[in-house]
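Peer 1: My file is run03.pdb. It has PDB, C-alpha atoms, pLDDT in the B column:
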ATOM      1  CA  MET A  71     -64.545   2.844   1.536  1.00 95.00           C
ATOM      2  CA  LYS A  72     -64.205   0.110  -1.080  1.00 97.00           C
ATOM      3  CA  THR A  73     -66.835  -2.566  -1.718  1.00 98.00           C
ATOM      4  CA  ILE A  74     -66.095  -6.273  -2.032  1.00 98.00           C
ATOM      5  CA  LEU A  75     -68.872  -8.335  -3.617  1.00 98.00           C
ATOM      6  CA  PHE A  76     -69.086 -12.111  -3.183  1.00 98.00           C
ATOM      7  CA  GLN A  77     -71.034 -13.789  -5.987  1.00 98.00           C
ATOM      8  CA  GLY A  78     -71.933 -17.400  -6.658  1.00 98.00           C
ATOM      9  CA  ASP A  79     -74.197 -20.277  -5.689  1.00 98.00           C
ATOM     10  CA  SER A  80     -75.144 -21.886  -2.353  1.00 98.00           C
ATOM     11  CA  ILE A  81     -71.516 -22.255  -1.265  1.00 98.00           C
ATOM     12  CA  THR A  82     -71.330 -18.459  -1.279  1.00 98.00           C
ATOM     13  CA  ASP A  83     -74.956 -17.873  -0.239  1.00 98.00           C
ATOM     14  CA  ALA A  84     -74.496 -19.961   2.937  1.00 97.00           C
ATOM     15  CA  GLY A  85     -77.949 -19.143   4.281  1.00 97.00           C
ATOM     16  CA  ARG A  86     -77.724 -15.366   4.071  1.00 97.00           C
ATOM     17  CA  TYR A  87     -80.880 -13.468   5.096  1.00 97.00           C
ATOM     18  CA  ARG A  88     -81.900 -11.921   1.790  1.00 94.00           C
ATOM     19  CA  ALA A  89     -84.268  -9.396   3.349  1.00 96.00           C
ATOM     20  CA  ASN A  90     -81.154  -7.728   4.746  1.00 97.00           C
ATOM     21  CA  PRO A  91     -78.819  -6.593   1.926  1.00 96.00           C
ATOM     22  CA  ASP A  92     -75.875  -6.592   4.338  1.00 96.00           C
ATOM     23  CA  SER A  93     -76.369 -10.201   5.471  1.00 98.00           C
ATOM     24  CA  MET A  94     -73.253 -12.248   4.712  1.00 98.00           C
ATOM     25  CA  GLY A  95     -74.513 -15.740   5.531  1.00 98.00           C
ATOM     26  CA  SER A  96     -72.446 -18.176   7.580  1.00 97.00           C
ATOM     27  CA  GLY A  97     -69.844 -19.352   5.068  1.00 98.00           C
ATOM     28  CA  TYR A  98     -66.497 -18.301   3.648  1.00 98.00           C
ATOM     29  CA  ALA A  99     -67.810 -14.890   2.546  1.00 98.00           C
ATOM     30  CA  SER A 100     -68.730 -14.003   6.131  1.00 98.00           C
ATOM     31  CA  MET A 101     -65.484 -15.453   7.461  1.00 98.00           C
ATOM     32  CA  ALA A 102     -63.353 -13.552   4.958  1.00 98.00           C
ATOM     33  CA  ALA A 103     -65.351 -10.376   5.561  1.00 98.00           C
ATOM     34  CA  GLY A 104     -64.778 -10.705   9.302  1.00 98.00           C
ATOM     35  CA  TRP A 105     -61.029 -10.988   8.798  1.00 98.00           C
ATOM     36  CA  ILE A 106     -60.889  -8.053   6.380  1.00 97.00           C
ATOM     37  CA  GLU A 107     -63.066  -5.735   8.431  1.00 95.00           C
ATOM     38  CA  TYR A 108     -61.120  -6.569  11.598  1.00 97.00           C
ATOM     39  CA  GLU A 109     -57.684  -6.162  10.049  1.00 97.00           C
ATOM     40  CA  LYS A 110     -58.575  -3.175   7.866  1.00 96.00           C
ATOM     41  CA  PRO A 111     -61.273  -1.185   9.700  1.00 96.00           C
ATOM     42  CA  GLY A 112     -63.032   1.404   7.592  1.00 96.00           C
ATOM     43  CA  GLN A 113     -61.321   0.337   4.366  1.00 96.00           C
ATOM     44  CA  TYR A 114     -63.779  -2.240   3.000  1.00 97.00           C
ATOM     45  CA  HIS A 115     -67.491  -2.985   3.034  1.00 97.00           C
ATOM     46  CA  CYS A 116     -68.463  -6.535   2.066  1.00 98.00           C
ATOM     47  CA  LEU A 117     -71.630  -7.711   0.324  1.00 98.00           C
ATOM     48  CA  ASN A 118     -72.901 -11.203  -0.467  1.00 98.00           C
ATOM     49  CA  ARG A 119     -75.215 -11.891  -3.395  1.00 98.00           C
ATOM     50  CA  GLY A 120     -74.724 -15.643  -3.757  1.00 98.00           C
ATOM     51  CA  ILE A 121     -77.903 -17.606  -4.490  1.00 98.00           C
ATOM     52  CA  GLY A 122     -78.274 -21.326  -3.866  1.00 97.00           C
ATOM     53  CA  GLY A 123     -78.692 -23.478  -6.967  1.00 95.00           C
ATOM     54  CA  ASN A 124     -77.302 -20.907  -9.368  1.00 97.00           C
ATOM     55  CA  ARG A 125     -75.515 -21.907 -12.540  1.00 97.00           C
ATOM     56  CA  VAL A 126     -73.426 -19.554 -14.632  1.00 98.00           C
ATOM     57  CA  THR A 127     -76.513 -18.762 -16.727  1.00 97.00           C
ATOM     58  CA  ASP A 128     -78.431 -17.701 -13.599  1.00 98.00           C
ATOM     59  CA  LEU A 129     -75.534 -15.502 -12.564  1.00 98.00           C
ATOM     60  CA  TYR A 130     -75.557 -13.812 -15.951  1.00 98.00           C
ATOM     61  CA  ALA A 131     -79.330 -13.325 -15.812  1.00 98.00           C
ATOM     62  CA  ARG A 132     -78.979 -11.181 -12.677  1.00 98.00           C
ATOM     63  CA  ILE A 133     -75.703  -9.467 -13.518  1.00 98.00           C
ATOM     64  CA  ARG A 134     -77.285  -6.010 -13.656  1.00 98.00           C
ATOM     65  CA  GLU A 135     -79.161  -6.083 -10.342  1.00 97.00           C
ATOM     66  CA  ASP A 136     -76.737  -8.126  -8.285  1.00 98.00           C
ATOM     67  CA  LEU A 137     -73.404  -6.987  -9.669  1.00 98.00           C
ATOM     68  CA  ILE A 138     -73.191  -4.049 -12.063  1.00 98.00           C
ATOM     69  CA  ASN A 139     -75.583  -1.823 -10.118  1.00 98.00           C
ATOM     70  CA  LEU A 140     -73.667  -2.450  -6.894  1.00 98.00           C
ATOM     71  CA  LYS A 141     -70.475  -1.014  -8.428  1.00 98.00           C
ATOM     72  CA  PRO A 142     -68.047  -3.156  -6.410  1.00 98.00           C
ATOM     73  CA  ASP A 143     -64.350  -2.372  -6.342  1.00 97.00           C
ATOM     74  CA  ILE A 144     -63.647  -6.102  -6.093  1.00 98.00           C
ATOM     75  CA  VAL A 145     -65.943  -8.913  -7.227  1.00 98.00           C
ATOM     76  CA  SER A 146     -65.312 -12.521  -6.251  1.00 98.00           C
ATOM     77  CA  ILE A 147     -67.059 -15.284  -8.227  1.00 98.00           C
ATOM     78  CA  LEU A 148     -67.424 -18.969  -7.368  1.00 98.00           C
ATOM     79  CA  ILE A 149     -69.664 -20.799  -9.835  1.00 98.00           C
ATOM     80  CA  GLY A 150     -69.744 -24.091 -11.709  1.00 98.00           C
ATOM     81  CA  VAL A 151     -70.693 -27.068  -9.569  1.00 97.00           C
ATOM     82  CA  ASN A 152     -74.419 -26.646 -10.295  1.00 96.00           C
ATOM     83  CA  ASP A 153     -73.708 -26.483 -14.016  1.00 97.00           C
ATOM     84  CA  VAL A 154     -72.655 -30.130 -13.638  1.00 96.00           C
ATOM     85  CA  TRP A 155     -74.902 -31.184 -10.750  1.00 90.00           C
ATOM     86  CA  SER A 156     -78.017 -29.992 -12.581  1.00 87.00           C
ATOM     87  CA  ASP A 157     -77.320 -32.541 -15.296  1.00 82.00           C
ATOM     88  CA  VAL A 158     -77.315 -35.280 -12.651  1.00 80.00           C
ATOM     89  CA  SER A 159     -80.557 -34.088 -11.039  1.00 74.00           C
ATOM     90  CA  ASP A 160     -82.725 -32.830 -13.902  1.00 76.00           C
ATOM     91  CA  ASN A 161     -80.731 -32.551 -17.148  1.00 78.00           C
ATOM     92  CA  MET A 162     -80.532 -28.766 -16.776  1.00 82.00           C
ATOM     93  CA  GLY A 163     -76.762 -28.297 -16.640  1.00 82.00           C
ATOM     94  CA  ASN A 164     -74.443 -26.382 -18.935  1.00 90.00           C
ATOM     95  CA  ALA A 165     -71.831 -27.988 -21.151  1.00 93.00           C
ATOM     96  CA  PRO A 166     -68.269 -26.645 -20.840  1.00 96.00           C
ATOM     97  CA  GLU A 167     -68.604 -24.744 -24.119  1.00 97.00           C
ATOM     98  CA  LYS A 168     -71.734 -22.926 -22.951  1.00 97.00           C
ATOM     99  CA  PHE A 169     -70.270 -22.380 -19.496  1.00 98.00           C
ATOM    100  CA  GLU A 170     -67.218 -20.754 -21.062  1.00 98.00           C
ATOM    101  CA  TRP A 171     -69.260 -18.598 -23.438  1.00 98.00           C
ATOM    102  CA  VAL A 172     -71.532 -17.249 -20.683  1.00 98.00           C
ATOM    103  CA  TYR A 173     -68.692 -16.787 -18.180  1.00 98.00           C
ATOM    104  CA  ARG A 174     -66.721 -14.829 -20.777  1.00 98.00           C
ATOM    105  CA  LYS A 175     -69.761 -12.578 -21.326  1.00 98.00           C
ATOM    106  CA  ILE A 176     -69.981 -11.944 -17.576  1.00 98.00           C
ATOM    107  CA  ILE A 177     -66.328 -10.936 -17.403  1.00 98.00           C
ATOM    108  CA  GLN A 178     -66.569  -8.761 -20.489  1.00 98.00           C
ATOM    109  CA  GLU A 179     -69.639  -6.929 -19.209  1.00 98.00           C
ATOM    110  CA  ILE A 180     -68.011  -6.283 -15.850  1.00 98.00           C
ATOM    111  CA  GLN A 181     -64.927  -4.888 -17.549  1.00 98.00           C
ATOM    112  CA  GLU A 182     -66.984  -2.758 -19.939  1.00 98.00           C
ATOM    113  CA  GLU A 183     -69.340  -1.369 -17.298  1.00 98.00           C
ATOM    114  CA  LEU A 184     -66.891  -1.254 -14.372  1.00 98.00           C
ATOM    115  CA  PRO A 185     -63.399  -0.930 -15.877  1.00 98.00           C
ATOM    116  CA  ASN A 186     -61.754  -0.271 -12.494  1.00 96.00           C
ATOM    117  CA  THR A 187     -63.288  -3.295 -10.772  1.00 97.00           C
ATOM    118  CA  LYS A 188     -60.889  -6.108  -9.899  1.00 97.00           C
ATOM    119  CA  ILE A 189     -62.149  -9.651 -10.487  1.00 98.00           C
ATOM    120  CA  LEU A 190     -61.246 -12.760  -8.505  1.00 98.00           C
ATOM    121  CA  LEU A 191     -62.302 -16.146  -9.916  1.00 98.00           C
ATOM    122  CA  LEU A 192     -62.505 -19.243  -7.725  1.00 98.00           C
ATOM    123  CA  GLY A 193     -62.351 -22.631  -9.389  1.00 98.00           C
ATOM    124  CA  PRO A 194     -65.265 -24.996  -8.634  1.00 98.00           C
ATOM    125  CA  TYR A 195     -64.571 -28.203  -6.741  1.00 98.00           C
ATOM    126  CA  VAL A 196     -66.258 -31.480  -5.833  1.00 98.00           C
ATOM    127  CA  LEU A 197     -65.362 -34.340  -3.470  1.00 97.00           C
ATOM    128  CA  GLU A 198     -66.482 -37.971  -3.429  1.00 96.00           C
ATOM    129  CA  GLY A 199     -69.146 -37.685  -0.749  1.00 92.00           C
ATOM    130  CA  GLN A 200     -72.578 -39.100  -0.033  1.00 89.00           C
ATOM    131  CA  GLY A 201     -74.300 -36.859  -2.569  1.00 88.00           C
ATOM    132  CA  THR A 202     -71.784 -37.403  -5.345  1.00 88.00           C
ATOM    133  CA  CYS A 203     -71.223 -41.174  -5.061  1.00 84.00           C
ATOM    134  CA  SER A 204     -72.627 -43.556  -7.648  1.00 80.00           C
ATOM    135  CA  ASN A 205     -76.048 -45.108  -7.115  1.00 79.00           C
ATOM    136  CA  GLU A 206     -78.499 -47.310  -9.008  1.00 76.00           C
ATOM    137  CA  GLU A 207     -80.049 -44.363 -10.843  1.00 76.00           C
ATOM    138  CA  PHE A 208     -76.675 -42.943 -11.870  1.00 83.00           C
ATOM    139  CA  PRO A 209     -73.980 -45.638 -11.529  1.00 83.00           C
ATOM    140  CA  HIS A 210     -71.250 -43.344 -12.821  1.00 89.00           C
ATOM    141  CA  ARG A 211     -72.320 -40.272 -10.886  1.00 89.00           C
ATOM    142  CA  TRP A 212     -68.981 -39.652  -9.183  1.00 94.00           C
ATOM    143  CA  GLU A 213     -66.979 -39.922 -12.400  1.00 95.00           C
ATOM    144  CA  PHE A 214     -69.471 -37.638 -14.139  1.00 93.00           C
ATOM    145  CA  MET A 215     -69.269 -35.036 -11.361  1.00 95.00           C
ATOM    146  CA  ARG A 216     -65.494 -35.258 -10.971  1.00 96.00           C
ATOM    147  CA  ASP A 217     -64.752 -34.954 -14.679  1.00 97.00           C
ATOM    148  CA  GLY A 218     -67.396 -32.304 -15.314  1.00 97.00           C
ATOM    149  CA  VAL A 219     -66.301 -30.042 -12.479  1.00 98.00           C
ATOM    150  CA  ALA A 220     -62.645 -30.501 -13.453  1.00 98.00           C
ATOM    151  CA  LYS A 221     -63.452 -29.287 -16.973  1.00 98.00           C
ATOM    152  CA  LEU A 222     -65.222 -26.204 -15.629  1.00 98.00           C
ATOM    153  CA  ALA A 223     -62.364 -25.471 -13.241  1.00 98.00           C
ATOM    154  CA  GLU A 224     -60.021 -25.614 -16.231  1.00 98.00           C
ATOM    155  CA  VAL A 225     -62.288 -23.254 -18.163  1.00 98.00           C
ATOM    156  CA  THR A 226     -62.345 -20.869 -15.208  1.00 98.00           C
ATOM    157  CA  GLU A 227     -58.575 -20.886 -14.874  1.00 98.00           C
ATOM    158  CA  ASN A 228     -58.136 -20.321 -18.611  1.00 98.00           C
ATOM    159  CA  LEU A 229     -60.526 -17.364 -18.511  1.00 98.00           C
ATOM    160  CA  ALA A 230     -58.619 -15.891 -15.579  1.00 98.00           C
ATOM    161  CA  ARG A 231     -55.422 -16.221 -17.583  1.00 98.00           C
ATOM    162  CA  GLU A 232     -57.028 -14.785 -20.726  1.00 98.00           C
ATOM    163  CA  PHE A 233     -58.310 -11.692 -18.928  1.00 98.00           C
ATOM    164  CA  SER A 234     -55.361 -11.395 -16.508  1.00 96.00           C
ATOM    165  CA  LEU A 235     -57.547 -11.995 -13.449  1.00 97.00           C
ATOM    166  CA  ALA A 236     -56.683 -13.423 -10.050  1.00 97.00           C
ATOM    167  CA  TYR A 237     -57.511 -17.133  -9.799  1.00 98.00           C
ATOM    168  CA  VAL A 238     -57.927 -19.386  -6.758  1.00 98.00           C
ATOM    169  CA  PRO A 239     -57.839 -23.191  -7.358  1.00 98.00           C
ATOM    170  CA  LEU A 240     -60.123 -24.703  -4.739  1.00 98.00           C
ATOM    171  CA  GLN A 241     -60.023 -28.317  -5.944  1.00 98.00           C
ATOM    172  CA  GLU A 242     -56.315 -28.541  -5.251  1.00 98.00           C
ATOM    173  CA  ALA A 243     -56.808 -27.052  -1.790  1.00 98.00           C
ATOM    174  CA  PHE A 244     -59.460 -29.628  -0.886  1.00 98.00           C
ATOM    175  CA  ASN A 245     -57.406 -32.482  -2.333  1.00 98.00           C
ATOM    176  CA  GLU A 246     -54.599 -31.427  -0.022  1.00 98.00           C
ATOM    177  CA  VAL A 247     -56.685 -31.336   3.158  1.00 98.00           C
ATOM    178  CA  LEU A 248     -58.082 -34.795   2.391  1.00 98.00           C
ATOM    179  CA  LYS A 249     -54.681 -36.014   3.536  1.00 97.00           C
ATOM    180  CA  LYS A 250     -55.618 -34.808   7.026  1.00 97.00           C
ATOM    181  CA  ALA A 251     -59.225 -35.975   7.326  1.00 98.00           C
ATOM    182  CA  PRO A 252     -61.912 -37.696   5.202  1.00 97.00           C
ATOM    183  CA  VAL A 253     -64.434 -36.061   2.882  1.00 97.00           C
ATOM    184  CA  GLU A 254     -67.204 -35.799   5.481  1.00 96.00           C
ATOM    185  CA  TYR A 255     -64.951 -33.694   7.704  1.00 98.00           C
ATOM    186  CA  TRP A 256     -64.745 -31.006   5.003  1.00 98.00           C
ATOM    187  CA  THR A 257     -68.121 -31.301   3.249  1.00 97.00           C
ATOM    188  CA  PHE A 258     -71.540 -32.683   4.120  1.00 96.00           C
ATOM    189  CA  GLU A 259     -72.075 -34.550   0.855  1.00 94.00           C
ATOM    190  CA  GLY A 260     -69.135 -33.706  -1.382  1.00 95.00           C
ATOM    191  CA  VAL A 261     -70.093 -30.100  -2.190  1.00 97.00           C
ATOM    192  CA  HIS A 262     -71.456 -28.024   0.695  1.00 97.00           C
ATOM    193  CA  PRO A 263     -68.694 -27.284   3.203  1.00 98.00           C
ATOM    194  CA  THR A 264     -68.645 -27.967   6.901  1.00 98.00           C
ATOM    195  CA  PRO A 265     -67.164 -25.189   9.075  1.00 98.00           C
ATOM    196  CA  ALA A 266     -63.733 -26.711   8.467  1.00 98.00           C
ATOM    197  CA  GLY A 267     -64.404 -26.792   4.733  1.00 98.00           C
ATOM    198  CA  TYR A 268     -65.380 -23.140   4.762  1.00 98.00           C
ATOM    199  CA  GLU A 269     -62.115 -22.410   6.512  1.00 98.00           C
ATOM    200  CA  VAL A 270     -60.309 -24.003   3.567  1.00 98.00           C
ATOM    201  CA  ILE A 271     -62.106 -21.708   1.118  1.00 98.00           C
ATOM    202  CA  LYS A 272     -61.597 -18.654   3.315  1.00 98.00           C
ATOM    203  CA  ARG A 273     -57.862 -19.211   3.507  1.00 98.00           C
ATOM    204  CA  GLN A 274     -57.590 -19.682  -0.236  1.00 98.00           C
ATOM    205  CA  TRP A 275     -59.793 -16.652  -0.851  1.00 98.00           C
ATOM    206  CA  LEU A 276     -57.601 -14.463   1.332  1.00 98.00           C
ATOM    207  CA  GLN A 277     -54.581 -15.484  -0.733  1.00 97.00           C
ATOM    208  CA  GLY A 278     -56.404 -14.289  -3.840  1.00 97.00           C
ATOM    209  CA  PHE A 279     -57.382 -11.081  -2.077  1.00 97.00           C
ATOM    210  CA  ALA A 280     -53.740 -10.496  -1.191  1.00 95.00           C
ATOM    211  CA  MET A 281     -52.866 -10.731  -4.885  1.00 91.00           C
ATOM    212  CA  LEU A 282     -55.424  -8.044  -5.683  1.00 92.00           C
ATOM    213  CA  GLU A 283     -54.175  -5.766  -2.940  1.00 86.00           C
ATOM    214  CA  LYS A 284     -50.736  -5.766  -4.550  1.00 82.00           C
ATOM    215  CA  ASP A 285     -52.436  -4.150  -7.536  1.00 73.00           C
ATOM    216  CA  PRO A 286     -54.608  -1.499  -5.793  1.00 51.00           C
ATOM    217  CA  VAL A 287     -58.109  -0.738  -7.034  1.00 44.00           C
TER     218      VAL A 287
END
Would you give me this structure, written as structure tokens?
Peer 2:
Amino acid sequence: MKTILFQGDSITDAGRYRANPDSMGSGYASMAAGWIEYEKPGQYHCLNRGIGGNRVTDLYARIREDLINLKPDIVSILIGVNDVWSDVSDNMGNAPEKFEWVYRKIIQEIQEELPNTKILLLGPYVLEGQGTCSNEEFPHRWEFMRDGVAKLAEVTENLAREFSLAYVPLQEAFNEVLKKAPVEYWTFEGVHPTPAGYEVIKRQWLQGFAMLEKDPV
């Protein structure tokens, strides 16, 4: 049986019960795992190690315990929005150059330690919601978030291209569904998805998974 590991921040974490290593949370990771394990019984075991608030530097800090040691056949990574958001909240974010440097190290270590592991990168996204709109303390908050996340999504896509990895562009997917319903239908505050928003990510994730299955682990 092959192992699929979901890695990232709170969007991936989705309230998983960390005392149980098999807890998948209630987000896209659980939804995708349900589809996979129903359609392909006995072929895959899914794990979730997303942690709320994580930036790319936090992900790298726990790469041994929460990634390498688990020896996944497929690892899915969604990271980046907190690298921008943390600059808004407490000036603890990561500039695009640092984000790229650390993300490249993560990919390189995975490939060195687990050369047969397939890697799927998801681009970060942000919408103009209650938590990302401008306010008196940060009048240009939305522009800062939008432009910062867009830069990190571009970095992520470029890294996927550089290392010949599967890439899933989530910003474009959310921009498309905004034609159907407003921001608050898909996210609570511009970042954390509603059930419908998680469905968007799940569907995009499964497209990326299909690309990996064409090139078997």
Peer 1: Do a neighbour search on Glu213 (chain A) at 9 Å with only C-alpha atoms, toss out local chain neighbours closer than 4 positions, and write the hits as a PyMOL selection string.
Peer 2: chain A and resi 202-204+217-218
Peer 1: At most 6 Å is the cut-off: for each residue in region 91-194 of chain A with any atom that close to an atom of region 229-252 of chain A, write down the nearest atom pair and the distance in Å rounded to one decimal, counting only C-alpha atoms, chain first then increasing number, as a Markdown table.
Peer 2:
| residue | atom | partner | partner_atom | distance |
| --- | --- | --- | --- | --- |
| A:Ile189 | CA | A:Leu235 | CA | 6.0 |
| A:Leu190 | CA | A:Ala236 | CA | 4.9 |
| A:Leu191 | CA | A:Tyr237 | CA | 4.9 |
| A:Leu192 | CA | A:Val238 | CA | 4.7 |
| A:Gly193 | CA | A:Pro239 | CA | 5.0 |
Peer 1: Go ahead and compute the interatomic distance for CA of Met281 (chain A) and CA of Ile180 (chain A), in Å to one decimal.
Peer 2: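 For CA of Met281 (chain A) relative to CA of Ile180 (chain A), the distance reads 19.2 Å.
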Peer 1: Compute the distance from (-61.4, -21.2, 2.8) to each atom, counting only C-alpha atoms, keep the residues with any atom at most 10 Å away, and return them as a PyMOL selection string; use the coordinates of the file.
Peer 2: chain A and resi 97-99+101-102+240+243-244+263+265-277
Peer 1: Which residues of region 166-237 of chain A sit at most 12 Å from region 131-151 of chain A, using all atoms listed in the file? Give each one's shortest atom pair and distance in Å (one decimal place), in chain and ascending residue order, as a Markdown table.
Peer 2:
| residue | atom | partner | partner_atom | distance |
| --- | --- | --- | --- | --- |
| A:Pro166 | CA | A:Gly150 | CA | 9.6 |
| A:Lys168 | CA | A:Gly150 | CA | 11.5 |
| A:Phe169 | CA | A:Gly150 | CA | 8.0 |
| A:Glu170 | CA | A:Gly150 | CA | 10.2 |
| A:Val172 | CA | A:Ala131 | CA | 10.0 |
| A:Tyr173 | CA | A:Ile149 | CA | 9.3 |
| A:Lys175 | CA | A:Ile133 | CA | 10.3 |
| A:Ile176 | CA | A:Ile133 | CA | 7.4 |
| A:Ile177 | CA | A:Ile147 | CA | 10.2 |
| A:Gln178 | CA | A:Ile133 | CA | 11.5 |
| A:Glu179 | CA | A:Ile138 | CA | 8.5 |
| A:Ile180 | CA | A:Ile138 | CA | 6.8 |
| A:Gln181 | CA | A:Ile138 | CA | 10.0 |
| A:Glu182 | CA | A:Ile138 | CA | 10.1 |
| A:Glu183 | CA | A:Ile138 | CA | 7.0 |
| A:Leu184 | CA | A:Lys141 | CA | 6.9 |
| A:Pro185 | CA | A:Asp143 | CA | 9.7 |
| A:Asn186 | CA | A:Asp143 | CA | 7.0 |
| A:Thr187 | CA | A:Asp143 | CA | 4.6 |
| A:Lys188 | CA | A:Ile144 | CA | 4.7 |
| A:Ile189 | CA | A:Val145 | CA | 5.1 |
| A:Leu190 | CA | A:Ser146 | CA | 4.7 |
| A:Leu191 | CA | A:Ile147 | CA | 5.1 |
| A:Leu192 | CA | A:Leu148 | CA | 4.9 |
| A:Gly193 | CA | A:Leu148 | CA | 6.6 |
| A:Pro194 | CA | A:Gly150 | CA | 5.5 |
| A:Tyr195 | CA | A:Val151 | CA | 6.8 |
| A:Val196 | CA | A:Val151 | CA | 7.3 |
| A:Leu197 | CA | A:Val151 | CA | 10.9 |
| A:Thr202 | CA | A:Val151 | CA | 11.2 |
| A:Phe214 | CA | A:Val151 | CA | 11.6 |
| A:Met215 | CA | A:Val151 | CA | 8.3 |
| A:Arg216 | CA | A:Val151 | CA | 9.8 |
| A:Asp217 | CA | A:Val151 | CA | 11.1 |
| A:Gly218 | CA | A:Val151 | CA | 8.4 |
| A:Val219 | CA | A:Val151 | CA | 6.0 |
| A:Ala220 | CA | A:Val151 | CA | 9.6 |
| A:Lys221 | CA | A:Gly150 | CA | 9.7 |
| A:Leu222 | CA | A:Gly150 | CA | 6.3 |
| A:Ala223 | CA | A:Gly150 | CA | 7.7 |
| A:Glu224 | CA | A:Gly150 | CA | 10.8 |
| A:Val225 | CA | A:Gly150 | CA | 9.9 |
| A:Thr226 | CA | A:Gly150 | CA | 8.8 |
| A:Glu227 | CA | A:Leu148 | CA | 11.8 |
| A:Ala230 | CA | A:Ile147 | CA | 11.2 |
| A:Leu235 | CA | A:Ser146 | CA | 10.6 |
| A:Ala236 | CA | A:Ser146 | CA | 9.5 |
| A:Tyr237 | CA | A:Ser146 | CA | 9.7 |
Peer 1: How would the residues just chosen look if you wrote them out with C-alpha atoms as a CSV table (one decimal), in the frame of the given file?
Peer 2:
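See selection-v4.csv below for the written result:
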chain,number,residue,atom,x,y,z
A,166,PRO,CA,-68.3,-26.6,-20.8
A,168,LYS,CA,-71.7,-22.9,-23.0
A,169,PHE,CA,-70.3,-22.4,-19.5
A,170,GLU,CA,-67.2,-20.8,-21.1
A,172,VAL,CA,-71.5,-17.2,-20.7
A,173,TYR,CA,-68.7,-16.8,-18.2
A,175,LYS,CA,-69.8,-12.6,-21.3
A,176,ILE,CA,-70.0,-11.9,-17.6
A,177,ILE,CA,-66.3,-10.9,-17.4
A,178,GLN,CA,-66.6,-8.8,-20.5
A,179,GLU,CA,-69.6,-6.9,-19.2
A,180,ILE,CA,-68.0,-6.3,-15.8
A,181,GLN,CA,-64.9,-4.9,-17.5
A,182,GLU,CA,-67.0,-2.8,-19.9
A,183,GLU,CA,-69.3,-1.4,-17.3
A,184,LEU,CA,-66.9,-1.3,-14.4
A,185,PRO,CA,-63.4,-0.9,-15.9
A,186,ASN,CA,-61.8,-0.3,-12.5
A,187,THR,CA,-63.3,-3.3,-10.8
A,188,LYS,CA,-60.9,-6.1,-9.9
A,189,ILE,CA,-62.1,-9.7,-10.5
A,190,LEU,CA,-61.2,-12.8,-8.5
A,191,LEU,CA,-62.3,-16.1,-9.9
A,192,LEU,CA,-62.5,-19.2,-7.7
A,193,GLY,CA,-62.4,-22.6,-9.4
A,194,PRO,CA,-65.3,-25.0,-8.6
A,195,TYR,CA,-64.6,-28.2,-6.7
A,196,VAL,CA,-66.3,-31.5,-5.8
A,197,LEU,CA,-65.4,-34.3,-3.5
A,202,THR,CA,-71.8,-37.4,-5.3
A,214,PHE,CA,-69.5,-37.6,-14.1
A,215,MET,CA,-69.3,-35.0,-11.4
A,216,ARG,CA,-65.5,-35.3,-11.0
A,217,ASP,CA,-64.8,-35.0,-14.7
A,218,GLY,CA,-67.4,-32.3,-15.3
A,219,VAL,CA,-66.3,-30.0,-12.5
A,220,ALA,CA,-62.6,-30.5,-13.5
A,221,LYS,CA,-63.5,-29.3,-17.0
A,222,LEU,CA,-65.2,-26.2,-15.6
A,223,ALA,CA,-62.4,-25.5,-13.2
A,224,GLU,CA,-60.0,-25.6,-16.2
A,225,VAL,CA,-62.3,-23.3,-18.2
A,226,THR,CA,-62.3,-20.9,-15.2
A,227,GLU,CA,-58.6,-20.9,-14.9
A,230,ALA,CA,-58.6,-15.9,-15.6
A,235,LEU,CA,-57.5,-12.0,-13.4
A,236,ALA,CA,-56.7,-13.4,-10.0
A,237,TYR,CA,-57.5,-17.1,-9.8
Peer 1: Hey, which of A:Glu207, A:Glu107, A:Asp157, A:Glu198 ends up closest to Val261 (chain A)? Count only C-alpha atoms.
Peer 2: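 Closest to Val261 (chain A), using only C-alpha atoms: A:Glu198.
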Peer 1: Can you measure CA of Lys72 (chain A) to CA of Ala84 (chain A) for me? One decimal in Å is fine.
Peer 2: 22.9 Å
